[in-house]
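To start, the structure under review is shown below, and the notes come after it.
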Amino acid sequence: MNIAIVSPSPKPFAVGGIEKLMLGLYYNIDKLTDHRVELFKIPVEENDFWSLINSYESFYRLNLDHFDMIISFKYPAWMVKHKNHVIYMAHHLRGLFDTYHFMNMPETISNTKYAIVNEVIEYTKQPSNIDKDLDSFFALLKQLYKEKNSLPDSIFSFPGPFIRTIIHFLDKWALSPQKITRFASISNTVKERIDYFPLNANVDVIYPPTSLENLETGAYEYFLIVGRLDTAKRTDIVIEAMKQVNNPKAKLLVAGTGPEEYRLKSLAGDDSRITFLGYINNEKLIALYRDALAVIYVPYDEDYGLVTIEAMHCKKPVITCIDSGGTTEFVKHEITGLIAQNNAKSLAQQIECLIDNVPFAMEMGENAANFVSGISWANTINKILSIDNIKREMTIPVRIKKKITILSTYPVFPKKHGGQLRIFNLYSNLQDDFDITIVSVNDQGQYYKKEYGSLIEISIPKSQKHQEKEWAIEKEVGIPITDIAMQELSFHSPEYHAIAKEYIEKSDILIAAQPYLFHLFNEHIGSKTIIYDSQNVEYELKKSMLPPNKMTSKLIQKLYEIEKNACLNSDLILACSKEDILKFTQVYDGIDEGKFMLTPNGVDLKVNQYVSPELREIKKTELGLTDQKIIVFIGSWHKPNLEAVEEILKMAPDLPSCKFIIMGGQCEAFKSVTPPSNVAFAGIVSEEMKQLIYSVADIAINPMVNGSGTNLKIAEYMANGVPVISTEVGARGYDFQKTHLVIAELVDFSKTIEGLMLNKDRKSNFSEKAYEYIRINYSWSEISEKLKKIITD
């Protein structure tokens, strides 16, 4: 079909929910169907009597007979005459319909002493005129216009009873069942309004979707208002409510502009918790939705409320009022959001209900997302067109996936250090076969939820008591002890325990990333599949890291018991290297060696792309680095990495022609250090910048002194095609051959670097052969596939 979408374009121009709906429908009919579609918009004004009349006549004169179907949403666009006209109603001119009673004016106009006025009124009263063309009626209105100067201004009051009578007649004419193929409305609220549809009309309710893409959930930081700042949106009630909320953690962001903006800012006064953001583009709006604790949307008798749908797609509860119309069709009190009375006191109570109860907000957000999950463009278009040729994806039989819960002592997002990368890459590759939830602890003081397909992370902040006790122990030890003290201190973060327990109960497979939260699995030993993802032999590693003192001794002894429990009571132990497996069996008696699975740290080859020696030279030339000899090292703030950096600072003066670039969180530990002139601390860099540095690096080094497990950085260097020089300790666990990298003692590092710099052929051979070795043995996709086979058998 050839389909026309017909709409008014408001003067002055503004973009609201209806404009977004029309554009979304236009775009998605074109995208999802084989129909051809066009959007017709005529500029209209509705600020006075005559502008509105002229707008109605403009659409009445519009001829679209060359289209097979037309779709209109609101006045006066539905005046277009067509044999196949679908009404998808948003609303009438509300000031002359359902909100007219607020004007305290007569609904009808009686006969006057003015003949032309009486003639117009009489025309609207004749039922037979509903079925006639309106040429004679618009001619009559033109005559009225000619005589207007001889008539009192009160006749033409806007709004007023005379214009109300005319518009009710015109809308009744346009929407008579004889002229319309099908009626639909955007909500039940619109459907049930008096005088909106012909008596006994069959009206389908079709909820429209949002056109915003990539809606997802994130942190739970603030309350959010989105929309035009006018009286109908009642933002003033929210601001008054906020001023009644005494909790200093309550924070309100107001996104939007409008005629009420100055008054609302004055009402907010100097309350630093309330921030007006002004106009917000879609990209910023999506980010605001993502990190909101809840969205507050309290308009009076809203037609639909697209803000509600957008918030719920982001798994955010919505706070609304009992008389907010369409939004109450989605907000179910204490299930998908909270409903207040239409006053500030009641609204303040609902706000206070969520400030210190993020788990409740998360629960309602989940329910809300499920509630609106079926509101999609494919479903909406199919219902509007009443046809079955929407392009659909091939139907896939529903398959119930097993659930995995992973407990982590640190957040996985954003992915920066090796532990985060291991958890993300190892398990994200399993999401086609499992629903995976990571429940992590953070010290950022905020809740958040991140989604990556079927891989979800829920991060819960430590309680203040937990944090204070941790600081007290740390003061005695002398270095951070977050993970080691987790078993003892996690009980002081009861919300973490409650949320972790909820997901543990629902899961088939439980995974402890490191041993420190394994105690939360104890009651499920023997009834669920439990995996210990070891990452390191923690007992041995921490013994080498912690300074010797009384508190350290206590912590190390507890760690021994913690890790022993994880080893003996798990069904499967994932070990990063053969050396780690050997150490485990030596340290902990009674471990069944058959439960170990060698699961090394790998590399995401989609992110870390190989740069050949030839392309590397071209990139260096393009960036003006032809004569630069660039050496890289990357690492997190972790004692073995800090020791390696200290070695680099020692050797750098011996290699003045080389430029050392040190990346990662480890750089923070050296803020007070003045490095040699040929050493640059880049800190934590973006993924793009890291790849750029790798693409021009001549050599990557790994001068490690201590450590267990495997160093992910080595595989990352090789995946990017950077030749590697490492100590034996730095290369542990990989089974490298002499053709893959250079192994050197620390005392020989400077000479080894000089020699490799001068030998281009040798560098090229290392680059090519090391990459091939990593591709075959250390690709995360291959490692994950091996794990999947084990846990699905």
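Ligands are numbered from 1 in the order shown, chains are lettered A, B, ... in the order of the structure tokens, and residues start at 1 in each chain.
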
Listing only residues of segment 323-377 of chain A within 12 Å of segment 498-511 of chain A, what is the closest atom pair and its distance in Å (to one decimal) for each, using only C-alpha atoms, sorted by chain and residue number ascending, as a Markdown table?
| residue | atom | partner | partner_atom | distance |
| --- | --- | --- | --- | --- |
| A:Val358 | CA | A:Ile499 | CA | 10.8 |
| A:Pro359 | CA | A:Ile499 | CA | 7.6 |
| A:Phe360 | CA | A:Ile499 | CA | 10.6 |
| A:Met362 | CA | A:Ile499 | CA | 10.3 |
| A:Glu363 | CA | A:Ile499 | CA | 10.3 |

Which residues of segment 202-221 of chain A come within 8 Å of segment 293-316 of chain A, and for each one, what is the closest pair of atoms and their distance in Å to one decimal, counting only C-alpha atoms, sorted by chain and residue number, as a tab-separated table?
residue	atom	partner	partner_atom	distance
A:Pro209	CA	A:Ile309	CA	7.3
A:Thr210	CA	A:Glu310	CA	6.4
A:Leu212	CA	A:Glu310	CA	7.7
A:Leu215	CA	A:Cys314	CA	5.5
A:Glu216	CA	A:Cys314	CA	4.6
A:Thr217	CA	A:Cys314	CA	4.8
A:Ala219	CA	A:Leu293	CA	7.4
A:Tyr220	CA	A:Leu293	CA	4.0
A:Glu221	CA	A:Leu293	CA	5.2

Review point. Neighbours of segment 274-288 of chain A within 9 Å (only C-alpha atoms; same-chain residues fewer than 6 positions away dropped), as an MDAnalysis selection string?
Key: chainID A and resid 212:216 218 224 226 239 242 250:257 261 265 268 310 314

Writer output for current selection, C-alpha atoms, as a PDB file, in the first residue's frame:
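Writing the result to selection-v5.pdb gives the following:
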ATOM      1  CA  LEU A 212      14.357   6.094  21.788  1.00  0.00           C
ATOM      2  CA  GLU A 213      16.808   3.262  21.275  1.00  0.00           C
ATOM      3  CA  ASN A 214      19.327   1.550  23.564  1.00  0.00           C
ATOM      4  CA  LEU A 215      17.266   2.142  26.681  1.00  0.00           C
ATOM      5  CA  GLU A 216      18.902   0.331  29.576  1.00  0.00           C
ATOM      6  CA  GLY A 218      22.254   1.759  35.227  1.00  0.00           C
ATOM      7  CA  LEU A 224      14.027  12.625  37.394  1.00  0.00           C
ATOM      8  CA  VAL A 226      11.168  14.811  31.957  1.00  0.00           C
ATOM      9  CA  ILE A 239       9.125  20.819  43.744  1.00  0.00           C
ATOM     10  CA  MET A 242      10.870  17.918  47.480  1.00  0.00           C
ATOM     11  CA  ALA A 250      17.090  13.192  47.854  1.00  0.00           C
ATOM     12  CA  LYS A 251      18.156  14.690  44.542  1.00  0.00           C
ATOM     13  CA  LEU A 252      15.844  15.926  41.759  1.00  0.00           C
ATOM     14  CA  LEU A 253      16.858  16.611  38.140  1.00  0.00           C
ATOM     15  CA  VAL A 254      14.383  18.500  35.949  1.00  0.00           C
ATOM     16  CA  ALA A 255      14.893  18.005  32.179  1.00  0.00           C
ATOM     17  CA  GLY A 256      12.926  20.283  29.885  1.00  0.00           C
ATOM     18  CA  THR A 257      11.925  23.882  29.191  1.00  0.00           C
ATOM     19  CA  GLU A 261      10.429  27.484  33.911  1.00  0.00           C
ATOM     20  CA  LYS A 265      13.030  27.947  39.498  1.00  0.00           C
ATOM     21  CA  ALA A 268      12.798  25.777  44.057  1.00  0.00           C
ATOM     22  CA  GLU A 310      10.524   5.121  28.403  1.00  0.00           C
ATOM     23  CA  CYS A 314      14.905   1.414  31.570  1.00  0.00           C
TER      24      CYS A 314
END

Point to revise | Nearest to Val477 of chain A, chosen from A:Pro411, A:Pro547, A:Gln444, A:Tyr496, with only C-alpha atoms counted in the distances | key: A:Pro547

Exercise for review: Could you give me, as number ranges by chain, the residues within 12 Å of Ser386 of chain A, counting only C-alpha atoms and dropping anything in the same chain fewer than 2 positions from it?
Suggested key: A: 69, 86, 181-184, 204, 206, 378-384, 388-390

Output file for the residues above (C-alpha atoms, as a PDB file, in the first residue's frame):
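Result file again-v4.pdb:
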ATOM      1  CA  MET A  69      -4.705   4.581   3.288  1.00  0.00           C
ATOM      2  CA  VAL A  86      -7.759   5.166  10.061  1.00  0.00           C
ATOM      3  CA  THR A 181     -12.568   2.826   8.313  1.00  0.00           C
ATOM      4  CA  ARG A 182     -11.291   2.120  11.813  1.00  0.00           C
ATOM      5  CA  PHE A 183     -10.985   3.790  15.204  1.00  0.00           C
ATOM      6  CA  ALA A 184      -8.114   3.306  17.635  1.00  0.00           C
ATOM      7  CA  ASP A 204      -9.129  -0.459  19.767  1.00  0.00           C
ATOM      8  CA  ILE A 206      -3.043   0.440  20.800  1.00  0.00           C
ATOM      9  CA  ALA A 378       6.188  -4.236  15.153  1.00  0.00           C
ATOM     10  CA  ASN A 379       3.184  -4.929  17.393  1.00  0.00           C
ATOM     11  CA  THR A 380       1.850  -1.384  17.133  1.00  0.00           C
ATOM     12  CA  ILE A 381       2.074  -1.217  13.341  1.00  0.00           C
ATOM     13  CA  ASN A 382       0.540  -4.637  12.927  1.00  0.00           C
ATOM     14  CA  LYS A 383      -2.450  -3.566  15.034  1.00  0.00           C
ATOM     15  CA  ILE A 384      -2.872  -0.198  13.290  1.00  0.00           C
ATOM     16  CA  ASP A 388      -0.155  -9.671   8.672  1.00  0.00           C
ATOM     17  CA  ASN A 389       2.735  -8.770   6.410  1.00  0.00           C
ATOM     18  CA  ILE A 390       4.953  -7.094   9.015  1.00  0.00           C
TER      19      ILE A 390
END

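We find atom CA of Leu555 of chain A and atom CA of Pro515 of chain A to be spaced 13.7 Å apart.
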
Check your understanding: So which residues touch Gln350 of chain A within 10 Å, counting only C-alpha atoms, skipping near sequence neighbours fewer than 6 positions away, as a VMD selection string?
Key -> chain A and resid 241 245 319 to 320 334 337 to 341 344

Limited to C-alpha atoms, could you put the picked residues into a file as a PDB file, in the first residue's frame?
ATOM      1  CA  ALA A 241       7.064  17.870  47.646  1.00  0.00           C
ATOM      2  CA  VAL A 245      11.465  15.866  52.046  1.00  0.00           C
ATOM      3  CA  ILE A 319       5.902   7.952  40.696  1.00  0.00           C
ATOM      4  CA  THR A 320       2.645   9.483  39.506  1.00  0.00           C
ATOM      5  CA  GLU A 334       4.021  -0.709  44.818  1.00  0.00           C
ATOM      6  CA  GLY A 337       5.723   2.346  40.694  1.00  0.00           C
ATOM      7  CA  LEU A 338       4.051   4.509  43.307  1.00  0.00           C
ATOM      8  CA  ILE A 339       0.777   6.458  43.096  1.00  0.00           C
ATOM      9  CA  ALA A 340       0.275   9.580  45.225  1.00  0.00           C
ATOM     10  CA  GLN A 341      -2.716  11.806  45.832  1.00  0.00           C
ATOM     11  CA  ALA A 344       2.710  17.734  47.656  1.00  0.00           C
TER      12      ALA A 344
END

Could you list, as a short mmCIF file (atom, residue, chain, number, x, y, z; two decimals) with N, CA and C atoms, in the first residue's frame, every residue within 12 Å of Ala575 of chain A, counting only C-alpha atoms and ignoring same-chain residues fewer than 3 positions away?
data_model
loop_
_atom_site.label_atom_id
_atom_site.label_comp_id
_atom_site.auth_asym_id
_atom_site.auth_seq_id
_atom_site.Cartn_x
_atom_site.Cartn_y
_atom_site.Cartn_z
N ARG A 422 38.27 -10.77 32.95
CA ARG A 422 38.08 -12.22 32.99
C ARG A 422 36.61 -12.56 33.20
N ALA A 513 33.60 -15.75 42.05
CA ALA A 513 34.79 -15.18 41.40
C ALA A 513 35.76 -14.81 42.52
N GLN A 514 36.74 -15.65 42.78
CA GLN A 514 37.60 -15.62 43.95
C GLN A 514 36.84 -16.23 45.13
N ILE A 531 30.70 -23.49 41.37
CA ILE A 531 31.99 -23.35 40.70
C ILE A 531 32.82 -22.30 41.43
N TYR A 532 34.07 -22.63 41.66
CA TYR A 532 35.03 -21.68 42.22
C TYR A 532 35.96 -21.22 41.10
N ASP A 533 35.79 -19.97 40.66
CA ASP A 533 36.65 -19.39 39.63
C ASP A 533 37.83 -18.75 40.36
N SER A 534 38.95 -19.47 40.45
CA SER A 534 40.01 -19.11 41.40
C SER A 534 40.79 -17.85 41.03
N GLN A 535 41.07 -17.62 39.78
CA GLN A 535 41.84 -16.46 39.31
C GLN A 535 43.29 -16.45 39.82
N ASN A 536 43.51 -16.78 41.06
CA ASN A 536 44.85 -16.90 41.65
C ASN A 536 44.79 -17.94 42.77
N VAL A 537 45.95 -18.37 43.26
CA VAL A 537 46.00 -19.07 44.54
C VAL A 537 46.09 -17.95 45.57
N GLU A 538 44.94 -17.52 46.07
CA GLU A 538 44.87 -16.31 46.87
C GLU A 538 45.73 -16.38 48.14
N CYS A 567 37.70 -24.63 47.74
CA CYS A 567 38.30 -25.73 46.97
C CYS A 567 37.61 -27.06 47.26
N LEU A 572 33.45 -27.67 40.77
CA LEU A 572 34.41 -27.42 39.69
C LEU A 572 35.27 -26.24 40.09
N LYS A 578 48.53 -24.22 34.96
CA LYS A 578 48.92 -25.53 35.50
C LYS A 578 49.67 -25.33 36.82
N GLU A 579 50.45 -24.25 36.91
CA GLU A 579 51.18 -23.96 38.14
C GLU A 579 50.22 -23.74 39.30
N ASP A 580 49.10 -23.06 39.03
CA ASP A 580 48.11 -22.83 40.09
C ASP A 580 47.49 -24.15 40.55
N ILE A 581 47.20 -25.03 39.62
CA ILE A 581 46.62 -26.32 39.98
C ILE A 581 47.57 -27.08 40.90
N LEU A 582 48.85 -27.07 40.55
CA LEU A 582 49.85 -27.75 41.37
C LEU A 582 49.92 -27.13 42.76
N LYS A 583 49.90 -25.80 42.84
CA LYS A 583 49.96 -25.13 44.14
C LYS A 583 48.75 -25.46 44.99
N PHE A 584 47.58 -25.46 44.39
CA PHE A 584 46.36 -25.79 45.14
C PHE A 584 46.48 -27.17 45.80
N THR A 585 46.93 -28.15 45.03
CA THR A 585 47.02 -29.52 45.57
C THR A 585 48.09 -29.63 46.65
N GLU A 593 41.66 -33.82 42.38
CA GLU A 593 42.31 -33.19 41.22
C GLU A 593 41.43 -33.23 39.98
N LYS A 595 38.47 -32.26 39.73
CA LYS A 595 37.51 -31.15 39.64
C LYS A 595 38.14 -29.88 39.06
N PHE A 596 39.45 -29.91 38.77
CA PHE A 596 40.10 -28.74 38.18
C PHE A 596 39.84 -28.67 36.68
N MET A 597 39.61 -27.47 36.19
CA MET A 597 39.55 -27.21 34.75
C MET A 597 40.49 -26.06 34.45
N LEU A 598 41.45 -26.30 33.59
CA LEU A 598 42.38 -25.24 33.21
C LEU A 598 41.61 -24.21 32.38
N THR A 599 41.47 -23.01 32.93
CA THR A 599 40.71 -21.94 32.28
C THR A 599 41.56 -20.68 32.30
N PRO A 600 42.48 -20.56 31.38
CA PRO A 600 43.43 -19.43 31.42
C PRO A 600 42.76 -18.11 31.10
N ASN A 601 43.44 -17.04 31.44
CA ASN A 601 42.98 -15.73 31.01
C ASN A 601 43.18 -15.60 29.51
N SER A 708 50.75 -14.90 40.85
CA SER A 708 50.27 -16.25 40.52
C SER A 708 49.23 -16.12 39.43
N GLY A 709 48.69 -17.25 39.01
CA GLY A 709 47.78 -17.19 37.88
C GLY A 709 48.54 -16.87 36.61
N THR A 710 47.86 -16.21 35.70
CA THR A 710 48.51 -15.78 34.46
C THR A 710 48.31 -14.29 34.29
N GLY A 733 52.38 -19.84 33.17
CA GLY A 733 51.05 -20.38 32.89
C GLY A 733 50.65 -20.45 31.43
N LEU A 787 34.27 -24.25 28.61
CA LEU A 787 33.55 -24.22 29.88
C LEU A 787 32.09 -24.59 29.67
#

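Note that the spacing between atom CA of Leu385 of chain A and atom CA of Asp131 of chain A amounts to 25.8 Å.
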
**Study point:** Residue nearest Leu692 of chain A - candidates A:Asn608, A:Ser211, A:Ser55, A:Gln464, atoms counted: only C-alpha atoms
**Key:** A:Asn608

Can you build me a table of segment 676-717 of chain A residues sitting at most 10 Å from segment 627-646 of chain A, with the closest atom pair per residue and its distance in Å to one decimal, using only C-alpha atoms, sorted by chain and residue number, as CSV?
residue,atom,partner,partner_atom,distance
A:Asn678,CA,A:Ile630,CA,9.8
A:Val679,CA,A:Ile631,CA,9.5
A:Ala680,CA,A:Val632,CA,9.8
A:Phe681,CA,A:Phe633,CA,10.0
A:Ala682,CA,A:Ile634,CA,9.6
A:Gly683,CA,A:Ile634,CA,9.1
A:Ile684,CA,A:Ser636,CA,8.9
A:Lys690,CA,A:Ile634,CA,9.4
A:Ile693,CA,A:Val632,CA,8.0
A:Tyr694,CA,A:Val632,CA,7.7
A:Val696,CA,A:Ile630,CA,7.3
A:Ala697,CA,A:Ile630,CA,4.9
A:Asp698,CA,A:Ile630,CA,5.3
A:Ile699,CA,A:Ile631,CA,4.9
A:Ala700,CA,A:Val632,CA,4.8
A:Ile701,CA,A:Phe633,CA,5.8
A:Asn702,CA,A:Phe633,CA,6.7
A:Pro703,CA,A:Ala644,CA,5.2
A:Met704,CA,A:Ala644,CA,5.1
A:Val705,CA,A:Pro640,CA,6.6
A:Asn706,CA,A:Pro640,CA,5.4
A:Gly707,CA,A:Pro640,CA,6.0
A:Ser708,CA,A:Pro640,CA,9.4
A:Asn711,CA,A:Gly635,CA,9.4
A:Leu712,CA,A:Gly635,CA,9.4
A:Lys713,CA,A:Ile634,CA,6.8
A:Ile714,CA,A:Ile634,CA,9.6
A:Glu716,CA,A:Ile634,CA,9.9
A:Tyr717,CA,A:Val632,CA,9.0

Okay, now the selection with C-alpha atoms, as a JSON list (two decimals), in the first residue's frame?
[["chain", "number", "residue", "atom", "x", "y", "z"],
["A", 678, "ASN", "CA", 61.55, 9.04, 28.96],
["A", 679, "VAL", "CA", 58.76, 7.54, 31.10],
["A", 680, "ALA", "CA", 55.12, 8.68, 30.71],
["A", 681, "PHE", "CA", 52.35, 7.66, 33.11],
["A", 682, "ALA", "CA", 49.22, 7.58, 30.93],
["A", 683, "GLY", "CA", 46.88, 6.34, 33.69],
["A", 684, "ILE", "CA", 43.61, 4.63, 32.85],
["A", 690, "LYS", "CA", 44.89, 1.78, 24.41],
["A", 693, "ILE", "CA", 49.16, 2.96, 21.74],
["A", 694, "TYR", "CA", 49.46, -0.78, 21.06],
["A", 696, "VAL", "CA", 52.50, 2.01, 17.41],
["A", 697, "ALA", "CA", 54.41, 0.20, 20.19],
["A", 698, "ASP", "CA", 57.69, -1.49, 19.23],
["A", 699, "ILE", "CA", 57.94, -3.74, 22.29],
["A", 700, "ALA", "CA", 55.75, -4.65, 25.29],
["A", 701, "ILE", "CA", 57.43, -5.66, 28.54],
["A", 702, "ASN", "CA", 56.38, -7.59, 31.62],
["A", 703, "PRO", "CA", 59.16, -7.30, 34.25],
["A", 704, "MET", "CA", 57.21, -9.12, 36.97],
["A", 705, "VAL", "CA", 58.86, -10.24, 40.20],
["A", 706, "ASN", "CA", 55.88, -11.94, 41.92],
["A", 707, "GLY", "CA", 52.41, -13.20, 41.14],
["A", 708, "SER", "CA", 50.27, -16.25, 40.52],
["A", 711, "ASN", "CA", 49.09, -12.22, 33.31],
["A", 712, "LEU", "CA", 46.32, -11.22, 30.93],
["A", 713, "LYS", "CA", 48.43, -8.36, 29.67],
["A", 714, "ILE", "CA", 50.84, -10.77, 27.94],
["A", 716, "GLU", "CA", 46.72, -8.83, 25.13],
["A", 717, "TYR", "CA", 50.09, -7.59, 23.90]]

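The protein and nucleic acid residues lying at most 10 Å from Lys543 of chain A are Glu538, Pro548, Thr552, Ser553, Leu555, Ile556, Gln557 and Leu559 of chain A, with only C-alpha atoms considered and sequence neighbours fewer than 5 positions away removed.
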
Using only C-alpha atoms, which residues of segment 53-112 of chain A come within 9 Å of segment 29-46 of chain A, and what is the closest atom pair for each, with the distance in Å to one decimal? Give it as a tab-separated table, sorted by chain and residue number.
residue	atom	partner	partner_atom	distance
A:Ile53	CA	A:Glu46	CA	8.5
A:Asn54	CA	A:Val44	CA	8.3
A:Ser55	CA	A:Val44	CA	5.5
A:Tyr56	CA	A:Val44	CA	8.8
A:Ser58	CA	A:Ile42	CA	7.9
A:Phe59	CA	A:Ile42	CA	7.8
A:Pro76	CA	A:Val44	CA	8.8
A:Ala77	CA	A:Ile42	CA	8.5

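Here atom CA of Ile423 of chain A stands at a distance of 25.0 Å from atom CA of Val587 of chain A.
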
Point to revise | strand (DSSP E) positions in segment 83-203 of chain A, given as a count of residues only | key: 12
